[in-house]
>>> print(open('final26.txt').read())   # compact mmCIF, C-alpha atoms (C1' of nucleotides)
# COMPACT_ATOMS: atom_id res chain seq x y z
CA MET A 217 42.63 -51.09 14.52
CA GLN A 218 44.52 -52.50 11.61
CA ILE A 219 45.95 -51.02 8.45
CA SER A 220 43.72 -51.98 5.53
CA SER A 221 44.52 -55.08 3.52
CA ARG A 222 44.64 -52.86 0.44
CA PHE A 223 48.33 -52.64 1.19
CA SER A 224 48.95 -56.37 1.21
CA ILE A 225 46.72 -56.75 -1.83
CA GLY A 226 48.73 -54.08 -3.64
CA VAL A 227 51.97 -55.90 -2.90
CA HIS A 228 50.41 -59.17 -3.98
CA ILE A 229 49.31 -57.68 -7.29
CA LEU A 230 52.70 -56.16 -8.06
CA SER A 231 54.37 -59.47 -7.20
CA LEU A 232 52.15 -61.27 -9.67
CA LEU A 233 52.92 -58.75 -12.40
CA ALA A 234 56.62 -59.26 -11.72
CA ILE A 235 56.71 -63.02 -11.41
CA ARG A 236 54.41 -63.86 -14.29
CA PRO A 237 55.27 -61.11 -16.80
CA GLN A 238 53.97 -63.06 -19.76
CA ASP A 239 50.40 -63.61 -18.53
CA HIS A 240 47.35 -61.52 -19.32
CA HIS A 241 46.67 -59.91 -15.94
CA THR A 242 43.00 -59.15 -15.94
CA SER A 243 41.30 -58.18 -12.70
CA GLU A 244 39.55 -61.54 -12.81
CA TRP A 245 42.85 -63.41 -13.07
CA LEU A 246 44.47 -61.37 -10.31
CA ALA A 247 41.42 -61.80 -8.11
CA GLY A 248 41.83 -65.54 -8.45
CA SER A 249 45.25 -65.45 -6.84
CA VAL A 250 44.44 -62.82 -4.22
CA GLY A 251 41.20 -64.51 -3.28
CA THR A 252 38.82 -61.62 -3.60
CA ASN A 253 36.40 -59.92 -5.95
CA PRO A 254 37.66 -58.47 -9.25
CA VAL A 255 36.26 -55.06 -8.34
CA VAL A 256 38.46 -54.96 -5.25
CA ILE A 257 41.43 -55.63 -7.52
CA ARG A 258 40.40 -52.90 -9.93
CA ARG A 259 40.15 -50.44 -7.11
CA VAL A 260 43.61 -51.22 -5.76
CA LEU A 261 45.01 -51.28 -9.28
CA GLY A 262 43.47 -47.86 -9.81
CA HIS A 263 45.51 -46.55 -6.88
CA LEU A 264 48.69 -48.20 -8.19
CA LYS A 265 48.09 -46.69 -11.60
CA LYS A 266 47.53 -43.22 -10.20
CA ALA A 267 50.80 -43.54 -8.29
CA GLY A 268 52.65 -44.53 -11.45
CA LEU A 269 53.45 -48.04 -10.27
CA ALA A 270 51.31 -49.99 -12.73
CA ASN A 271 49.82 -49.61 -16.18
CA VAL A 272 46.32 -50.82 -16.83
CA LYS A 273 44.87 -51.14 -20.29
CA ALA A 274 41.21 -50.35 -20.57
CA GLY A 275 39.15 -52.31 -23.06
CA SER A 276 41.43 -55.18 -23.91
CA GLY A 277 42.47 -55.41 -20.32
CA GLY A 278 45.60 -56.40 -18.48
CA ALA A 279 48.01 -54.75 -16.07
CA THR A 280 51.78 -54.42 -16.21
CA LEU A 281 54.49 -52.89 -14.08
CA ALA A 282 55.12 -49.23 -14.82
CA ARG A 283 58.50 -49.17 -13.09
CA GLU A 284 61.44 -51.40 -12.44
CA LEU A 285 61.08 -53.47 -9.29
CA ASP A 286 64.17 -51.77 -7.88
CA GLU A 287 62.40 -48.48 -8.12
CA ILE A 288 59.34 -49.45 -6.14
CA THR A 289 59.62 -49.53 -2.36
CA LEU A 290 57.02 -50.92 -0.02
CA LEU A 291 56.48 -47.37 1.16
CA ASP A 292 55.55 -46.40 -2.39
CA VAL A 293 52.86 -49.07 -2.36
CA TYR A 294 51.75 -48.15 1.14
CA ARG A 295 51.30 -44.55 0.14
CA ALA A 296 49.74 -45.42 -3.19
CA VAL A 297 46.89 -47.40 -1.73
CA ASP A 298 46.07 -44.70 0.75
CA VAL A 299 45.66 -46.84 3.82
CA VAL A 300 46.64 -44.06 6.19
CA GLU A 301 46.25 -40.36 5.64
CA GLU A 302 49.77 -38.96 5.53
CA GLY A 303 51.17 -38.41 8.99
CA ASN A 304 48.09 -39.74 10.73
CA LEU A 305 48.71 -43.33 11.69
CA PHE A 306 47.60 -42.45 15.21
CA HIS A 307 44.25 -40.96 16.00
CA VAL A 308 44.50 -38.27 18.65
CA HIS A 309 41.34 -37.44 20.57
CA GLU A 310 39.95 -34.25 19.18
CA GLN A 311 38.43 -32.11 21.90
CA PRO A 312 40.99 -31.73 24.67
CA ASN A 313 39.94 -28.92 26.97
CA PRO A 314 41.95 -25.77 26.12
CA ALA A 315 41.19 -24.39 29.58
CA CYS A 316 43.21 -27.19 31.17
CA PRO A 317 47.00 -26.81 30.84
CA VAL A 318 47.41 -30.47 30.04
CA GLY A 319 44.47 -30.50 27.64
CA ALA A 320 45.80 -27.43 25.88
CA ASN A 321 49.29 -28.82 25.31
CA ILE A 322 49.10 -32.58 25.17
CA GLU A 323 48.18 -32.76 21.52
CA GLN A 324 51.32 -31.23 20.12
CA VAL A 325 53.56 -33.24 22.44
CA LEU A 326 51.76 -36.43 21.51
CA ARG A 327 51.94 -35.68 17.81
CA LEU A 328 55.68 -35.24 18.04
CA MET A 329 56.17 -38.69 19.57
CA MET A 330 53.69 -40.31 17.25
CA PHE A 331 55.32 -38.75 14.25
CA LYS A 332 58.64 -40.30 15.23
CA ALA A 333 57.08 -43.71 15.77
CA GLN A 334 55.32 -43.56 12.47
CA ALA A 335 58.41 -42.35 10.65
CA ALA A 336 60.37 -45.32 12.02
CA MET A 337 57.74 -47.70 10.68
CA GLU A 338 57.68 -46.03 7.29
CA GLY A 339 61.46 -46.02 7.23
CA VAL A 340 61.45 -49.81 7.27
CA LEU A 341 58.95 -49.90 4.43
CA ALA A 342 61.04 -47.42 2.48
CA ALA A 343 64.12 -49.61 2.89
CA VAL A 344 62.57 -52.62 1.22
CA THR A 345 62.14 -52.65 -2.54
CA MET A 346 59.72 -54.82 -4.46
CA ARG A 347 62.82 -56.36 -6.05
CA GLU A 348 63.96 -57.66 -2.67
CA LEU A 349 60.52 -58.86 -1.74
CA VAL A 350 60.02 -60.64 -5.05
CA ASP A 351 63.45 -62.27 -4.73
CA VAL A 352 62.58 -63.63 -1.31
CA LEU A 353 59.24 -64.76 -2.65
CA ALA A 354 60.80 -66.48 -5.66
CA ARG A 355 63.26 -68.29 -3.42
CA GLU A 356 60.42 -69.37 -1.16
CA ILE A 357 58.50 -70.73 -4.13
CA GLU A 358 61.53 -72.54 -5.49
CA GLU A 359 62.33 -74.15 -2.15
CA LYS A 360 58.82 -75.49 -1.73
CA ARG A 361 58.81 -76.74 -5.28
CA ALA A 362 62.10 -78.58 -4.72
CA ALA A 363 60.85 -80.07 -1.46
CA ASN A 364 57.45 -81.23 -2.63
CA GLY A 365 58.56 -82.38 -6.04
CA MET B 129 42.77 -46.87 9.25
CA GLN B 130 43.99 -45.17 12.34
CA ILE B 131 45.10 -46.47 15.70
CA SER B 132 42.33 -45.82 18.23
CA SER B 133 42.41 -42.65 20.28
CA ARG B 134 42.30 -44.83 23.38
CA PHE B 135 46.08 -44.60 23.22
CA SER B 136 46.22 -40.81 23.22
CA ILE B 137 43.51 -40.71 25.87
CA GLY B 138 45.53 -43.10 28.03
CA VAL B 139 48.60 -40.90 27.76
CA HIS B 140 46.48 -37.84 28.52
CA ILE B 141 45.07 -39.46 31.65
CA LEU B 142 48.47 -40.54 32.97
CA SER B 143 49.82 -37.05 32.31
CA LEU B 144 47.02 -35.54 34.37
CA LEU B 145 47.66 -37.95 37.22
CA ALA B 146 51.33 -36.98 37.13
CA ILE B 147 51.01 -33.23 36.76
CA ARG B 148 48.18 -32.71 39.21
CA PRO B 149 48.95 -35.32 41.89
CA GLN B 150 46.94 -33.57 44.59
CA ASP B 151 43.59 -33.47 42.80
CA HIS B 152 40.74 -35.92 43.14
CA HIS B 153 40.81 -37.59 39.71
CA THR B 154 37.30 -38.85 39.15
CA SER B 155 36.27 -40.00 35.70
CA GLU B 156 34.13 -36.88 35.48
CA TRP B 157 37.07 -34.63 36.24
CA LEU B 158 39.37 -36.43 33.79
CA ALA B 159 36.67 -36.38 31.13
CA GLY B 160 36.56 -32.61 31.48
CA SER B 161 40.17 -32.27 30.40
CA VAL B 162 40.12 -34.97 27.75
CA GLY B 163 36.86 -33.72 26.28
CA THR B 164 34.85 -36.89 26.26
CA ASN B 165 32.34 -38.90 28.23
CA PRO B 166 33.22 -40.17 31.73
CA VAL B 167 32.43 -43.73 30.67
CA VAL B 168 35.09 -43.56 27.99
CA ILE B 169 37.56 -42.51 30.68
CA ARG B 170 36.51 -45.34 32.98
CA ARG B 171 37.04 -47.86 30.24
CA VAL B 172 40.53 -46.62 29.38
CA LEU B 173 41.33 -46.38 33.06
CA GLY B 174 40.18 -49.97 33.40
CA HIS B 175 42.80 -50.98 30.86
CA LEU B 176 45.50 -48.95 32.62
CA LYS B 177 44.55 -50.53 35.92
CA LYS B 178 44.68 -54.04 34.52
CA ALA B 179 48.14 -53.33 33.14
CA GLY B 180 49.33 -52.11 36.53
CA LEU B 181 49.83 -48.52 35.41
CA ALA B 182 47.12 -46.86 37.47
CA ASN B 183 45.16 -47.43 40.65
CA VAL B 184 41.46 -46.68 40.71
CA LYS B 185 39.41 -46.55 43.88
CA ALA B 186 35.86 -47.79 43.56
CA GLY B 187 33.20 -46.11 45.65
CA SER B 188 34.94 -42.96 46.83
CA GLY B 189 36.54 -42.61 43.43
CA GLY B 190 39.79 -41.23 42.14
CA ALA B 191 42.75 -42.55 40.17
CA THR B 192 46.47 -42.39 40.91
CA LEU B 193 49.66 -43.57 39.26
CA ALA B 194 50.63 -47.12 40.16
CA ARG B 195 54.23 -46.76 38.97
CA GLU B 196 56.92 -44.17 38.73
CA LEU B 197 56.81 -42.16 35.53
CA ASP B 198 60.29 -43.46 34.63
CA GLU B 199 58.90 -46.94 34.67
CA ILE B 200 56.10 -46.36 32.22
CA THR B 201 56.96 -46.25 28.53
CA LEU B 202 54.61 -45.19 25.78
CA LEU B 203 54.72 -48.78 24.60
CA ASP B 204 53.35 -49.87 27.99
CA VAL B 205 50.40 -47.55 27.50
CA TYR B 206 49.98 -48.60 23.89
CA ARG B 207 49.82 -52.24 24.86
CA ALA B 208 47.66 -51.58 27.90
CA VAL B 209 44.84 -49.96 25.96
CA ASP B 210 44.81 -52.74 23.43
CA VAL B 211 44.61 -50.66 20.30
CA VAL B 212 46.29 -53.26 18.12
CA GLU B 213 46.27 -56.98 18.64
CA GLU B 214 49.88 -57.94 19.30
CA GLY B 215 51.86 -58.31 16.10
CA ASN B 216 48.94 -57.36 13.88
CA LEU B 217 49.25 -53.74 12.98
CA PHE B 218 48.83 -54.69 9.35
CA HIS B 219 45.86 -56.58 8.04
CA VAL B 220 46.85 -59.17 5.46
CA HIS B 221 44.17 -60.37 3.07
CA GLU B 222 42.98 -63.73 4.23
CA GLN B 223 42.22 -65.98 1.29
CA PRO B 224 45.20 -65.98 -1.05
CA ASN B 225 44.90 -68.87 -3.47
CA PRO B 226 47.12 -71.75 -2.32
CA ALA B 227 47.09 -73.16 -5.85
CA CYS B 228 48.97 -70.10 -7.11
CA PRO B 229 52.66 -70.01 -6.18
CA VAL B 230 52.47 -66.33 -5.33
CA GLY B 231 49.22 -66.71 -3.41
CA ALA B 232 50.65 -69.63 -1.45
CA ASN B 233 53.79 -67.82 -0.36
CA ILE B 234 53.11 -64.11 -0.24
CA GLU B 235 51.62 -64.12 3.21
CA GLN B 236 54.67 -65.28 5.10
CA VAL B 237 56.96 -62.96 3.16
CA LEU B 238 54.67 -60.04 3.80
CA ARG B 239 54.35 -60.81 7.48
CA LEU B 240 58.11 -60.78 7.86
CA MET B 241 58.40 -57.27 6.42
CA MET B 242 55.40 -56.03 8.31
CA PHE B 243 56.72 -57.40 11.53
CA LYS B 244 59.92 -55.44 11.08
CA ALA B 245 58.05 -52.25 10.29
CA GLN B 246 55.83 -52.64 13.27
CA ALA B 247 58.72 -53.48 15.57
CA ALA B 248 60.48 -50.27 14.50
CA MET B 249 57.41 -48.27 15.39
CA GLU B 250 57.01 -49.94 18.74
CA GLY B 251 60.71 -49.48 19.40
CA VAL B 252 60.24 -45.73 19.30
CA LEU B 253 57.32 -45.94 21.72
CA ALA B 254 59.39 -48.16 24.01
CA ALA B 255 62.19 -45.62 24.04
CA VAL B 256 60.04 -42.81 25.40
CA THR B 257 59.01 -42.83 29.04
CA MET B 258 56.07 -40.98 30.51
CA ARG B 259 58.67 -39.06 32.53
CA GLU B 260 60.15 -37.64 29.36
CA LEU B 261 56.78 -36.87 27.89
CA VAL B 262 55.55 -35.18 31.04
CA ASP B 263 58.75 -33.14 31.23
CA VAL B 264 58.27 -31.89 27.69
CA LEU B 265 54.65 -31.19 28.47
CA ALA B 266 55.50 -29.27 31.65
CA ARG B 267 58.05 -27.17 29.79
CA GLU B 268 55.47 -26.47 27.10
CA ILE B 269 52.96 -25.35 29.70
CA GLU B 270 55.48 -23.16 31.50
CA GLU B 271 56.60 -21.48 28.29
CA LYS B 272 53.07 -20.59 27.31
CA ARG B 273 52.34 -19.33 30.80
CA ALA B 274 55.41 -17.10 30.71
CA ALA B 275 54.54 -15.78 27.25
CA ASN B 276 50.86 -15.01 27.88
CA GLY B 277 51.28 -13.65 31.37
C1' DT C 227 22.46 -44.52 55.46
C1' DT C 228 23.25 -41.42 52.07
C1' DC C 229 26.03 -39.32 48.47
C1' DG C 230 29.15 -39.60 44.93
C1' DT C 231 31.69 -42.81 42.40
C1' DT C 232 33.22 -46.97 39.79
C1' DG C 233 32.49 -50.93 36.75
C1' DT C 234 29.91 -52.66 33.21
C1' DA C 235 26.25 -53.70 30.09
C1' DA C 236 23.49 -52.29 26.37
C1' DA C 237 22.15 -49.41 22.69
C1' DA C 238 22.82 -45.85 19.17
C1' DA C 239 25.49 -43.09 15.94
C1' DT C 240 29.29 -42.85 13.12
C1' DT C 241 32.80 -44.47 10.23
C1' DA C 242 35.73 -47.64 7.49
C1' DT C 243 36.31 -51.97 5.22
C1' DA C 244 35.20 -55.35 2.08
C1' DG C 245 32.21 -57.85 -1.04
C1' DT C 246 28.82 -57.62 -4.67
C1' DT C 247 25.89 -56.16 -8.66
C1' DA C 248 25.39 -53.33 -12.46
C1' DC C 249 26.59 -50.85 -16.40
C1' DA C 250 28.66 -47.33 -19.55
C1' DA C 251 32.94 -46.75 -21.99
C1' DC C 252 36.73 -48.72 -24.10
C1' DT C 253 40.06 -52.01 -27.17
C1' DC C 254 40.83 -55.11 -30.29
C1' DA C 255 40.13 -59.02 -33.42
C1' DT C 256 37.35 -60.37 -36.87
C1' DA D 216 31.29 -51.88 -37.65
C1' DT D 217 30.38 -55.13 -34.54
C1' DG D 218 30.79 -58.24 -30.83
C1' DA D 219 33.40 -60.25 -27.00
C1' DG D 220 35.85 -59.26 -23.16
C1' DT D 221 37.53 -55.80 -20.08
C1' DT D 222 38.09 -51.54 -17.25
C1' DG D 223 36.41 -47.75 -14.33
C1' DT D 224 33.07 -46.41 -11.29
C1' DA D 225 28.80 -45.90 -8.81
C1' DA D 226 25.67 -47.83 -5.68
C1' DC D 227 24.23 -51.01 -2.36
C1' DT D 228 24.98 -54.43 1.31
C1' DA D 229 27.19 -56.64 5.07
C1' DT D 230 30.37 -56.53 8.62
C1' DA D 231 33.07 -54.69 12.12
C1' DA D 232 35.24 -51.19 15.12
C1' DT D 233 34.91 -46.79 17.42
C1' DT D 234 32.94 -43.53 20.14
C1' DT D 235 29.14 -41.60 22.67
C1' DT D 236 25.42 -42.11 25.65
C1' DT D 237 22.01 -43.97 29.10
C1' DA D 238 21.32 -46.86 32.86
C1' DC D 239 22.18 -49.14 37.04
C1' DA D 240 24.14 -52.36 40.54
C1' DA D 241 28.02 -52.41 43.67
C1' DC D 242 31.10 -49.90 46.40
C1' DG D 243 33.47 -46.52 50.01
C1' DA D 244 33.58 -42.98 53.09
C1' DA D 245 31.70 -39.35 55.81
>>> encode(input="final26.txt", output="structure tokens")
Amino acid sequence: MQISSRFSIGVHILSLLAIRPQDHHTSEWLAGSVGTNPVVIRRVLGHLKKAGLANVKAGSGGATLARELDEITLLDVYRAVDVVEEGNLFHVHEQPNPACPVGANIEQVLRLMMFKAQAAMEGVLAAVTMRELVDVLAREIEEKRAANG
Amino acid sequence: MQISSRFSIGVHILSLLAIRPQDHHTSEWLAGSVGTNPVVIRRVLGHLKKAGLANVKAGSGGATLARELDEITLLDVYRAVDVVEEGNLFHVHEQPNPACPVGANIEQVLRLMMFKAQAAMEGVLAAVTMRELVDVLAREIEEKRAANG
DNA sequence: TTCGTTGTAAAAATTATAGTTACAACTCAT
DNA sequence: ATGAGTTGTAACTATAATTTTTACAACGAA
């Protein structure tokens, strides 16, 4: 099964905050770009806020970045939105038979391998900052704008 | 969300076939070690069979390895049991607004990063063979046996 | 021909995601 | 202070995937 779109939505939100710093980023406005319901946005934004990545003003409304783009990695976002319980990307079957030598020992061996696989994946996310992603995105936008007029 | 336990069950099954080559591996027998229902075993075994990793005899019953342990990587098992549609570990939200510059371009940028992350994870799985895993497992079993008497 | 087994379908239980409605609490401009 | 617009959150619904379970036709070997 797939990793929840909360992650991609979180990245989308932070990108919007970065690229359009002057706008009033209400959940309604953000939802318009993401293509979902404002409540979904508020929930993701709640995670980002808790993780110290975004500020959200209650009442008058509007979200802003709480950190420099250089200081936010994709892993920060990934962890913030809680898509995978830490260290548990893989689900290991839960009742191996302890009376069978294989059943009694397979779990720890499997977890070791899975941990490495997961760490490699997270390492890539940790190596990419929102600054880099937003730069690529901005270039992408500019290129299309230049091409289409 | 987590990657289905079909993967860990698949590895468990192949380990049993390797470590106890003389036994009659019916789905009932395998289910006893894995701690699940025989039908679950038959389904996973069906995937392993289709991928050319295991042989299953209908009628009289019993599964065996269809390849040398050196020639089965964890990635082979991972792909065989179909836990993640190829290239889609991450779910990207599906209706970004094409009228918004960010909405129109975020998807392809995101997919690039996600592809790299996923490839890193799969690279680790590809680097581990069932031979290595079974060796670690056998050592584990032997150590415990020596310690407990 | 009988026994034990596989392959598979179908249904149920469980769990997570995602969308939606609703509303109290909050901020700010007037 | 009050009203308009917004957030935070709960609750409900719909959807989808997983896992377990029951059932049974087809199969293989003694």
>>> interface_residues(input="final26.txt", of="chain C", to="chain B", cutoff="9 Å", atoms="all atoms listed in the file", output="number ranges by chain")
C: 230-233, 242
>>> interface_residues(input="final26.txt", of="chain D", to="chain A", cutoff="9 Å", atoms="all atoms listed in the file", output="PyMOL selection string")
chain D and resi 220-223+232
>>> interface_residues(input="final26.txt", of="chain A", to="chain B", cutoff="6 Å", atoms="all atoms listed in the file", output="list in words")
Met217, Gln218, Ile219, Ser220, Ser221, Ser224, Ser249, Val250, Gly251, Val300, Leu305, Phe306, His307, Val308, His309, Gln311, Pro312, Asn313, Cys316, Gly319, Ala333, Gln334, Ala336, Met337 and Val340 of chain A
>>> calpha_fit_and_write(input="final26.txt", fixed="chain A", moving="chain B", output="short mmCIF file (atom, residue, chain, number, x, y, z; two decimals) with C-alpha atoms, keeping the file's coordinate frame")
data_model
loop_
_atom_site.label_atom_id
_atom_site.label_comp_id
_atom_site.auth_asym_id
_atom_site.auth_seq_id
_atom_site.Cartn_x
_atom_site.Cartn_y
_atom_site.Cartn_z
CA MET B 129 42.61 -50.91 14.39
CA GLN B 130 44.51 -52.41 11.54
CA ILE B 131 45.96 -50.94 8.39
CA SER B 132 43.73 -51.89 5.46
CA SER B 133 44.53 -55.00 3.47
CA ARG B 134 44.64 -52.81 0.38
CA PHE B 135 48.34 -52.57 1.13
CA SER B 136 48.95 -56.32 1.18
CA ILE B 137 46.73 -56.72 -1.86
CA GLY B 138 48.75 -54.07 -3.69
CA VAL B 139 51.99 -55.87 -2.93
CA HIS B 140 50.41 -59.16 -3.99
CA ILE B 141 49.32 -57.69 -7.32
CA LEU B 142 52.73 -56.18 -8.09
CA SER B 143 54.38 -59.48 -7.20
CA LEU B 144 52.15 -61.30 -9.67
CA LEU B 145 52.93 -58.79 -12.40
CA ALA B 146 56.63 -59.30 -11.72
CA ILE B 147 56.72 -63.06 -11.38
CA ARG B 148 54.40 -63.90 -14.24
CA PRO B 149 55.25 -61.18 -16.79
CA GLN B 150 53.93 -63.13 -19.76
CA ASP B 151 50.38 -63.67 -18.52
CA HIS B 152 47.33 -61.59 -19.32
CA HIS B 153 46.65 -59.97 -15.94
CA THR B 154 42.97 -59.16 -15.95
CA SER B 155 41.27 -58.19 -12.71
CA GLU B 156 39.53 -61.56 -12.81
CA TRP B 157 42.81 -63.42 -13.08
CA LEU B 158 44.45 -61.38 -10.31
CA ALA B 159 41.40 -61.80 -8.11
CA GLY B 160 41.81 -65.55 -8.45
CA SER B 161 45.22 -65.45 -6.81
CA VAL B 162 44.42 -62.81 -4.22
CA GLY B 163 41.15 -64.47 -3.27
CA THR B 164 38.78 -61.58 -3.59
CA ASN B 165 36.38 -59.87 -5.95
CA PRO B 166 37.64 -58.46 -9.27
CA VAL B 167 36.25 -55.04 -8.37
CA VAL B 168 38.46 -54.91 -5.31
CA ILE B 169 41.43 -55.61 -7.57
CA ARG B 170 40.41 -52.90 -10.02
CA ARG B 171 40.19 -50.37 -7.25
CA VAL B 172 43.62 -51.18 -5.84
CA LEU B 173 45.02 -51.27 -9.35
CA GLY B 174 43.50 -47.85 -9.89
CA HIS B 175 45.54 -46.55 -6.97
CA LEU B 176 48.71 -48.21 -8.27
CA LYS B 177 48.10 -46.71 -11.69
CA LYS B 178 47.57 -43.23 -10.31
CA ALA B 179 50.83 -43.53 -8.40
CA GLY B 180 52.69 -44.54 -11.55
CA LEU B 181 53.45 -48.06 -10.34
CA ALA B 182 51.32 -50.02 -12.79
CA ASN B 183 49.83 -49.65 -16.24
CA VAL B 184 46.31 -50.86 -16.88
CA LYS B 185 44.82 -51.20 -20.34
CA ALA B 186 41.14 -50.41 -20.59
CA GLY B 187 39.07 -52.38 -23.06
CA SER B 188 41.35 -55.28 -23.93
CA GLY B 189 42.43 -55.47 -20.32
CA GLY B 190 45.58 -56.45 -18.52
CA ALA B 191 48.01 -54.80 -16.12
CA THR B 192 51.79 -54.49 -16.26
CA LEU B 193 54.50 -52.94 -14.13
CA ALA B 194 55.15 -49.29 -14.89
CA ARG B 195 58.54 -49.21 -13.15
CA GLU B 196 61.46 -51.45 -12.47
CA LEU B 197 61.10 -53.50 -9.31
CA ASP B 198 64.20 -51.79 -7.88
CA GLU B 199 62.41 -48.51 -8.16
CA ILE B 200 59.36 -49.46 -6.18
CA THR B 201 59.63 -49.51 -2.40
CA LEU B 202 57.03 -50.89 -0.05
CA LEU B 203 56.50 -47.33 1.11
CA ASP B 204 55.56 -46.38 -2.47
CA VAL B 205 52.88 -49.05 -2.43
CA TYR B 206 51.77 -48.11 1.06
CA ARG B 207 51.31 -44.51 0.05
CA ALA B 208 49.76 -45.39 -3.29
CA VAL B 209 46.89 -47.37 -1.81
CA ASP B 210 46.11 -44.65 0.67
CA VAL B 211 45.68 -46.78 3.74
CA VAL B 212 46.66 -44.02 6.14
CA GLU B 213 46.26 -40.33 5.60
CA GLU B 214 49.78 -38.92 5.51
CA GLY B 215 51.17 -38.34 8.98
CA ASN B 216 48.08 -39.68 10.72
CA LEU B 217 48.69 -43.24 11.68
CA PHE B 218 47.59 -42.40 15.19
CA HIS B 219 44.24 -40.91 16.00
CA VAL B 220 44.48 -38.25 18.69
CA HIS B 221 41.33 -37.43 20.62
CA GLU B 222 39.92 -34.23 19.26
CA GLN B 223 38.44 -32.13 22.03
CA PRO B 224 40.99 -31.79 24.81
CA ASN B 225 39.95 -28.99 27.13
CA PRO B 226 41.95 -25.84 26.33
CA ALA B 227 41.18 -24.49 29.80
CA CYS B 228 43.21 -27.31 31.36
CA PRO B 229 46.98 -26.93 31.03
CA VAL B 230 47.39 -30.59 30.18
CA GLY B 231 44.46 -30.59 27.77
CA ALA B 232 45.81 -27.49 26.04
CA ASN B 233 49.28 -28.88 25.47
CA ILE B 234 49.10 -32.65 25.27
CA GLU B 235 48.18 -32.78 21.63
CA GLN B 236 51.32 -31.22 20.24
CA VAL B 237 53.55 -33.27 22.53
CA LEU B 238 51.77 -36.44 21.56
CA ARG B 239 51.94 -35.67 17.87
CA LEU B 240 55.69 -35.22 18.09
CA MET B 241 56.18 -38.69 19.58
CA MET B 242 53.69 -40.27 17.25
CA PHE B 243 55.32 -38.70 14.27
CA LYS B 244 58.63 -40.26 15.23
CA ALA B 245 57.07 -43.66 15.74
CA GLN B 246 55.32 -43.51 12.44
CA ALA B 247 58.41 -42.29 10.62
CA ALA B 248 60.37 -45.27 11.98
CA MET B 249 57.75 -47.62 10.63
CA GLU B 250 57.68 -45.97 7.25
CA GLY B 251 61.46 -45.96 7.18
CA VAL B 252 61.45 -49.74 7.23
CA LEU B 253 58.95 -49.87 4.38
CA ALA B 254 61.06 -47.38 2.43
CA ALA B 255 64.12 -49.55 2.86
CA VAL B 256 62.58 -52.58 1.20
CA THR B 257 62.15 -52.65 -2.56
CA MET B 258 59.73 -54.83 -4.46
CA ARG B 259 62.83 -56.38 -6.03
CA GLU B 260 63.96 -57.65 -2.66
CA LEU B 261 60.52 -58.85 -1.74
CA VAL B 262 60.03 -60.64 -5.03
CA ASP B 263 63.45 -62.26 -4.70
CA VAL B 264 62.57 -63.61 -1.27
CA LEU B 265 59.24 -64.74 -2.61
CA ALA B 266 60.81 -66.50 -5.60
CA ARG B 267 63.28 -68.29 -3.35
CA GLU B 268 60.41 -69.34 -1.09
CA ILE B 269 58.51 -70.73 -4.05
CA GLU B 270 61.53 -72.57 -5.41
CA GLU B 271 62.33 -74.14 -2.05
CA LYS B 272 58.83 -75.47 -1.64
CA ARG B 273 58.82 -76.77 -5.19
CA ALA B 274 62.09 -78.60 -4.60
CA ALA B 275 60.86 -80.06 -1.31
CA ASN B 276 57.45 -81.28 -2.51
CA GLY B 277 58.58 -82.53 -5.88
#
>>> atom_distance(input="final26.txt", atom1="CA of Met346 (chain A)", atom2="CA of Gly268 (chain A)")
14.3 Å
>>> atom_distance(input="final26.txt", atom1="CA of Thr201 (chain B)", atom2="CA of Leu142 (chain B)")
11.2 Å
